[in-house]
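The structure file upload_35.txt is reproduced below (compact mmCIF, C-alpha atoms).
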# COMPACT_ATOMS: atom_id res chain seq x y z
CA MET A 1460 0.00 0.00 0.00
CA ARG A 1461 1.34 3.41 -0.94
CA PRO A 1462 2.22 5.82 1.91
CA LEU A 1463 -0.36 8.25 0.49
CA ALA A 1464 -3.09 5.81 1.51
CA TYR A 1465 -2.34 6.42 5.18
CA VAL A 1466 -3.61 9.98 4.74
CA THR A 1467 -7.09 8.44 4.52
CA LEU A 1468 -6.91 7.58 8.24
CA SER A 1469 -7.68 11.24 8.93
CA PHE A 1470 -10.71 11.47 6.62
CA ALA A 1471 -13.39 10.11 8.96
CA PRO A 1472 -12.21 11.84 12.18
CA VAL A 1473 -11.91 15.22 10.41
CA ILE A 1474 -15.40 14.95 8.90
CA ALA A 1475 -16.75 13.85 12.30
CA MET A 1476 -15.18 16.82 14.11
CA ALA A 1477 -16.55 19.20 11.49
CA MET A 1478 -20.05 17.76 11.90
CA ILE A 1479 -19.88 17.93 15.71
CA PHE A 1480 -18.79 21.58 15.54
CA TYR A 1481 -21.38 22.56 12.91
CA PHE A 1482 -24.37 20.86 14.48
CA GLY A 1483 -23.29 21.95 17.94
CA GLN A 1484 -23.49 25.56 16.70
CA ARG A 1485 -26.74 24.97 14.83
CA TYR A 1486 -28.55 23.13 17.60
CA ASN A 1487 -26.99 22.80 21.04
CA LYS A 1488 -24.30 21.06 23.06
CA ALA A 1489 -26.61 18.14 23.84
CA TYR A 1490 -26.97 17.38 20.13
CA SER A 1491 -23.21 17.52 19.57
CA ASN A 1492 -22.81 15.09 22.50
CA LEU A 1493 -25.30 12.78 20.80
CA LEU A 1494 -23.19 12.90 17.65
CA LEU A 1495 -20.09 12.07 19.67
CA ARG A 1496 -21.89 9.08 21.21
CA SER A 1497 -22.91 8.01 17.70
CA PHE A 1498 -19.25 8.14 16.61
CA LEU A 1499 -18.20 6.01 19.58
CA ALA A 1500 -21.06 3.57 18.90
CA GLY A 1501 -19.73 3.07 15.39
CA ALA A 1502 -16.22 2.56 16.72
CA CYS A 1503 -17.51 -0.22 18.98
CA GLY A 1504 -19.20 -1.78 15.94
CA VAL A 1505 -15.79 -2.73 14.54
CA LEU A 1506 -15.71 -5.50 17.15
CA VAL A 1507 -18.46 -7.34 15.25
CA LEU A 1508 -16.45 -7.12 12.02
CA LEU A 1509 -13.34 -8.28 13.86
CA ALA A 1510 -15.22 -11.29 15.28
CA ALA A 1511 -16.65 -12.17 11.85
CA GLU A 1512 -13.27 -11.97 10.15
CA SER A 1513 -11.66 -14.00 12.94
CA LEU A 1514 -14.26 -16.75 12.55
CA SER A 1515 -13.95 -16.63 8.78
CA ALA A 1516 -10.17 -16.98 9.02
CA MET A 1517 -10.48 -19.91 11.44
CA LEU A 1518 -12.80 -21.70 9.01
CA GLY A 1519 -10.56 -20.96 6.03
CA LEU A 1520 -13.20 -18.82 4.34
CA ASN A 1521 -10.81 -15.91 3.81
CA ASP A 1522 -9.22 -17.87 0.96
CA LEU A 1523 -11.17 -16.32 -1.93
CA CYS A 1524 -10.53 -19.15 -4.36
CA SER A 1525 -13.98 -19.28 -5.95
CA LEU A 1526 -16.96 -17.12 -6.83
CA LYS A 1527 -18.98 -18.58 -3.94
CA ARG A 1528 -16.22 -17.74 -1.45
CA THR A 1529 -15.98 -14.21 -2.84
CA LEU A 1530 -19.74 -13.70 -2.58
CA PHE A 1531 -19.82 -15.03 0.98
CA PHE A 1532 -16.87 -12.88 2.04
CA SER A 1533 -18.35 -9.79 0.36
CA PHE A 1534 -21.93 -10.03 1.61
CA ILE A 1535 -21.68 -11.94 4.90
CA THR A 1536 -18.19 -11.76 6.40
CA VAL A 1537 -17.68 -8.06 5.67
CA ALA A 1538 -20.94 -6.37 4.65
CA LEU A 1539 -23.46 -7.94 7.04
CA SER A 1540 -21.11 -7.97 10.02
CA SER A 1541 -20.08 -4.35 9.39
CA GLU A 1542 -23.63 -3.07 9.11
CA LEU A 1543 -24.79 -5.18 12.06
CA GLY A 1544 -21.97 -3.73 14.14
CA LYS A 1545 -23.14 -0.20 13.30
CA PHE A 1546 -26.81 -1.08 13.68
CA ILE A 1547 -26.90 -2.55 17.20
CA LEU A 1548 -25.88 0.49 19.29
CA TYR A 1549 -27.24 2.97 16.75
CA ARG A 1550 -30.72 1.44 16.81
CA TYR A 1551 -30.98 0.68 20.52
CA VAL A 1552 -28.89 3.44 22.11
CA ILE A 1553 -28.83 6.43 19.74
CA ILE A 1554 -32.22 6.38 18.00
CA PRO A 1555 -34.32 6.30 21.23
CA SER A 1556 -32.89 9.72 22.22
CA ASN A 1557 -35.46 12.50 22.43
CA LEU A 1558 -33.06 14.69 20.46
CA ILE A 1559 -33.93 12.70 17.33
CA SER A 1560 -37.24 14.33 16.50
CA ARG A 1561 -37.10 14.06 12.69
CA PRO A 1562 -35.96 11.37 10.23
CA ILE A 1563 -33.11 13.61 9.00
CA HIS A 1564 -31.64 13.49 12.51
CA GLY A 1565 -31.56 9.72 12.18
CA ILE A 1566 -29.50 10.03 8.99
CA THR A 1567 -27.12 12.52 10.62
CA CYS A 1568 -26.46 10.20 13.56
CA SER A 1569 -26.16 7.23 11.22
CA ILE A 1570 -23.45 9.05 9.26
CA MET A 1571 -21.61 9.78 12.51
CA THR A 1572 -21.88 6.10 13.44
CA ALA A 1573 -20.44 5.17 10.05
CA LEU A 1574 -17.57 7.64 10.52
CA GLY A 1575 -16.70 6.07 13.87
CA PHE A 1576 -16.81 2.64 12.30
CA ALA A 1577 -14.76 3.66 9.25
CA THR A 1578 -12.06 5.26 11.42
CA PHE A 1579 -11.16 1.97 13.09
CA ALA A 1580 -12.19 -0.40 10.29
CA LEU A 1581 -9.71 1.37 8.02
CA VAL A 1582 -6.96 0.77 10.56
CA LEU A 1583 -7.99 -2.90 10.69
CA PHE A 1584 -7.89 -3.05 6.89
CA MET A 1585 -4.38 -1.59 6.76
CA VAL A 1586 -3.02 -3.85 9.50
CA ASP A 1587 -4.74 -6.89 7.91
CA PRO A 1588 -4.19 -9.32 10.83
CA PHE A 1589 -5.86 -12.19 8.92
CA SER A 1590 -3.70 -11.97 5.76
CA THR A 1591 -6.73 -12.02 3.46
CA GLN A 1592 -5.71 -12.42 -0.18
CA LEU A 1593 -7.36 -9.31 -1.59
CA ARG A 1594 -7.14 -8.76 -5.32
CA PHE A 1595 -8.04 -5.10 -5.64
CA PRO A 1596 -6.01 -1.85 -5.51
CA THR A 1597 -5.71 -1.38 -1.75
CA THR A 1598 -4.80 2.30 -2.04
CA MET A 1599 -7.95 2.96 -4.05
CA TYR A 1600 -10.04 1.11 -1.45
CA ALA A 1601 -8.53 3.21 1.33
CA PHE A 1602 -9.67 6.38 -0.45
CA VAL A 1603 -13.21 5.25 -1.24
CA MET A 1604 -13.98 3.42 2.01
CA VAL A 1605 -15.16 6.48 3.97
CA PRO A 1606 -17.44 7.89 1.21
CA ALA A 1607 -18.87 4.41 0.65
CA ASN A 1608 -19.67 3.98 4.34
CA ILE A 1609 -21.37 7.39 4.40
CA MET A 1610 -23.56 6.21 1.52
CA PHE A 1611 -24.51 3.01 3.36
CA ALA A 1612 -25.20 5.13 6.46
CA VAL A 1613 -27.77 7.25 4.63
CA ILE A 1614 -29.63 4.11 3.58
CA MET A 1615 -29.64 2.68 7.10
CA GLY A 1616 -30.31 6.05 8.70
CA PHE A 1617 -33.32 6.76 6.50
CA PHE A 1618 -35.18 3.55 7.29
CA VAL A 1619 -34.15 3.25 10.95
CA GLY A 1620 -34.80 6.96 11.46
CA MET A 1621 -38.24 6.63 9.87
CA ALA A 1622 -38.92 3.55 11.99
CA LYS A 1623 -38.98 5.69 15.12
CA PHE A 1624 -42.08 7.46 13.81
CA MET A 1625 -43.82 4.48 12.22
CA LYS A 1626 -45.89 1.64 13.62
CA ALA A 1627 -43.98 -0.98 11.61
CA ARG A 1628 -40.72 -0.27 13.46
CA PHE A 1629 -39.31 -3.77 13.13
CA VAL A 1630 -39.90 -3.91 9.37
CA PHE A 1631 -38.36 -0.49 8.75
CA SER A 1632 -35.38 -1.20 11.00
CA LEU A 1633 -34.74 -4.56 9.34
CA THR A 1634 -35.03 -2.93 5.91
CA GLY A 1635 -32.41 -0.38 6.96
CA LEU A 1636 -30.00 -3.06 8.14
CA LEU A 1637 -30.42 -5.38 5.17
CA GLY A 1638 -30.51 -2.54 2.65
CA ALA A 1639 -27.22 -1.12 3.90
CA ALA A 1640 -25.68 -4.62 4.00
CA PHE A 1641 -26.84 -5.32 0.44
CA PHE A 1642 -25.31 -2.14 -0.95
CA HIS A 1643 -22.16 -2.73 1.10
CA GLY A 1644 -21.95 -6.26 -0.29
CA ILE A 1645 -22.23 -5.11 -3.90
CA PHE A 1646 -19.50 -2.56 -3.27
CA ASN A 1647 -17.21 -5.23 -1.79
CA PHE A 1648 -17.94 -7.65 -4.61
CA CYS A 1649 -17.14 -5.06 -7.28
CA MET A 1650 -13.84 -4.30 -5.57
CA LEU A 1651 -12.87 -7.94 -5.06
CA THR A 1652 -13.63 -8.86 -8.68
CA ASN A 1653 -11.98 -5.70 -10.05
CA ASP A 1654 -15.17 -4.94 -11.95
CA PHE A 1655 -14.76 -1.19 -11.99
CA LYS A 1656 -17.31 -0.67 -14.77
CA LEU A 1657 -19.97 -2.25 -12.57
CA LEU A 1658 -18.63 -0.25 -9.62
CA SER A 1659 -19.06 2.97 -11.59
CA LEU A 1660 -22.67 2.11 -12.48
CA PHE A 1661 -23.33 1.05 -8.89
CA SER A 1662 -21.86 4.30 -7.54
CA PHE A 1663 -23.94 6.41 -9.92
CA GLY A 1664 -27.18 4.60 -9.10
CA SER A 1665 -26.46 4.57 -5.38
CA THR A 1666 -25.74 8.29 -5.34
CA ILE A 1667 -29.14 9.01 -6.88
CA ILE A 1668 -30.88 6.73 -4.37
CA VAL A 1669 -29.04 8.30 -1.43
CA PHE A 1670 -29.88 11.80 -2.68
CA ILE A 1671 -33.58 10.94 -2.94
CA LEU A 1672 -33.64 9.35 0.53
CA GLY A 1673 -31.87 12.38 2.00
CA LEU A 1674 -34.39 14.77 0.46
CA LYS A 1675 -37.30 12.61 1.62
CA ALA A 1676 -35.97 12.57 5.18
CA ALA A 1677 -35.25 16.31 5.17
CA TYR A 1678 -38.79 17.21 4.14
CA THR A 1679 -40.57 14.66 6.35
CA VAL A 1680 -41.92 16.16 9.56
CA PRO A 1681 -43.59 13.62 11.87
CA GLU A 1682 -47.04 14.48 13.14
CA PRO A 1683 -47.24 15.17 16.89
CA SER A 1684 -48.29 12.03 18.77
Mind turning the file's structure into structure tokens?
Amino acid sequence: MRPLAYVTLSFAPVIAMAMIFYFGQRYNKAYSNLLLRSFLAGACGVLVLLAAESLSAMLGLNDLCSLKRTLFFSFITVALSSELGKFILYRYVIIPSNLISRPIHGITCSIMTALGFATFALVLFMVDPFSTQLRFPTTMYAFVMVPANIMFAVIMGFFVGMAKFMKARFVFSLTGLLGAAFFHGIFNFCMLTNDFKLLSLFSFGSTIIVFILGLKAAYTVPEPS
């Protein structure tokens, strides 16, 4: 990995600090504290990814010698465990806060959770304690990892944030988790197979979806209960 890639370790923390400062000025100190807790919740979520990769290495599933192994590693070992790690504390510790009074707040906290996760997951990726035989440009992955996780966070944040104000909370929350994991899995698969044409199409389509979800959340005001 090129030394330039190590610059990416600062991406997530810098964005997180900027968000804490901005929203602390826009709202109040309590909201900035909530964002900090969201960041720490995401950092804790790396433990789930670490456990999944450890188990995968023990079972020999990190040897990506076939399409089935690559799909499993992309969607289950990395994507599902990563999004589950973010989801657990975000859904059951952050979302219940009274400071989250609109769906857009759910997306904001979800992005902070993703930034906390990406900060430490990127370190784990660079250290690579499991010696996974990755076949993609690692420097490129280091640069796109944080933006990709922000994109997945908007998807999860929209549905889980909406779930707080809907009767079908379980369905919306599950949709947020699985939706984020699905998009994360496609991203991993494109990288592992070096299919950058598919990755470009995926990125374009995902950006449109994320933009629409963000607008929907921003203009949705829950009715008083």
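Residues in contact with region 1473-1475 of chain A at up to 9 Å, not including ones fewer than 3 positions away on its chain and judged by all atoms listed in the file, are Ser1469, Phe1470, Met1478, Ile1479, Phe1480, Leu1494, Leu1495, Phe1498, Ile1570, Met1571, Leu1574 and Gly1575 of chain A.
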Could you name the residues that touch Leu1468 (chain A) at 9 Å or less, counting only C-alpha atoms, but leaving out those on the same chain fewer than 4 positions away, as a list in words?
Ala1464, Pro1472, Ala1577, Thr1578, Phe1579, Leu1581, Val1582 and Ala1601 of chain A
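Compared by their closest atoms to Tyr1465 (chain A), and using all atoms listed in the file, the residues A:Leu1509, A:Val1586, A:Ala1516, A:Leu1526 rank with A:Val1586 nearest.
Excluding region 1625-1632 of chain A itself and any same-chain residue fewer than 6 positions from it, the protein and nucleic acid residues within 12 Å of it, counting all atoms listed in the file, are Leu1543, Phe1546, Ile1547, Tyr1549, Arg1550, Tyr1551, Ile1554, Arg1561, Pro1562, Gly1565, Ile1614, Met1615, Gly1616, Phe1617, Phe1618, Val1619, Gly1638, Ala1639, Pro1681, Glu1682 and Ser1684 of chain A.
Closest approach to Arg1496 (chain A) among A:Gly1483, A:Cys1568, A:Ile1559, A:Leu1520 is made by A:Cys1568 (distances from only C-alpha atoms).
Between CA of Leu1523 (chain A) and CA of Val1605 (chain A) lies a distance of 23.9 Å.
Closest approach to Ser1525 (chain A) among A:Thr1652, A:Asn1647, A:Ser1491, A:Ser1665: A:Thr1652, based on all atoms listed in the file.
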Would you please work out which residue, of A:Leu1637, A:Ala1489, A:Ile1609, A:Met1604, is nearest to Thr1567 (chain A) when using all atoms listed in the file?
A:Ile1609
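A straight line drawn from CA of Phe1646 (chain A) to CA of Gly1544 (chain A) is 17.6 Å long.
Reported to one decimal place, the separation of CA of Phe1642 (chain A) from CA of Phe1611 (chain A) is 6.8 Å.
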Out of A:Met1650, A:Leu1672, A:Leu1657, A:Ile1553, which residue has the shortest atom-to-atom distance to Leu1530 (chain A) when counting only C-alpha atoms?
A:Met1650
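Neighbours of Leu1514 (chain A) closer than or equal to 12 Å, with all atoms listed in the file counted and sequence neighbours fewer than 2 positions away skipped, come out as Val1507, Leu1508, Leu1509, Ala1510, Ala1511, Glu1512, Ala1516, Met1517, Leu1518, Gly1519, Leu1520, Asn1521, Phe1532, Ile1535, Thr1536, Val1537, Ser1540 and Phe1589 of chain A.
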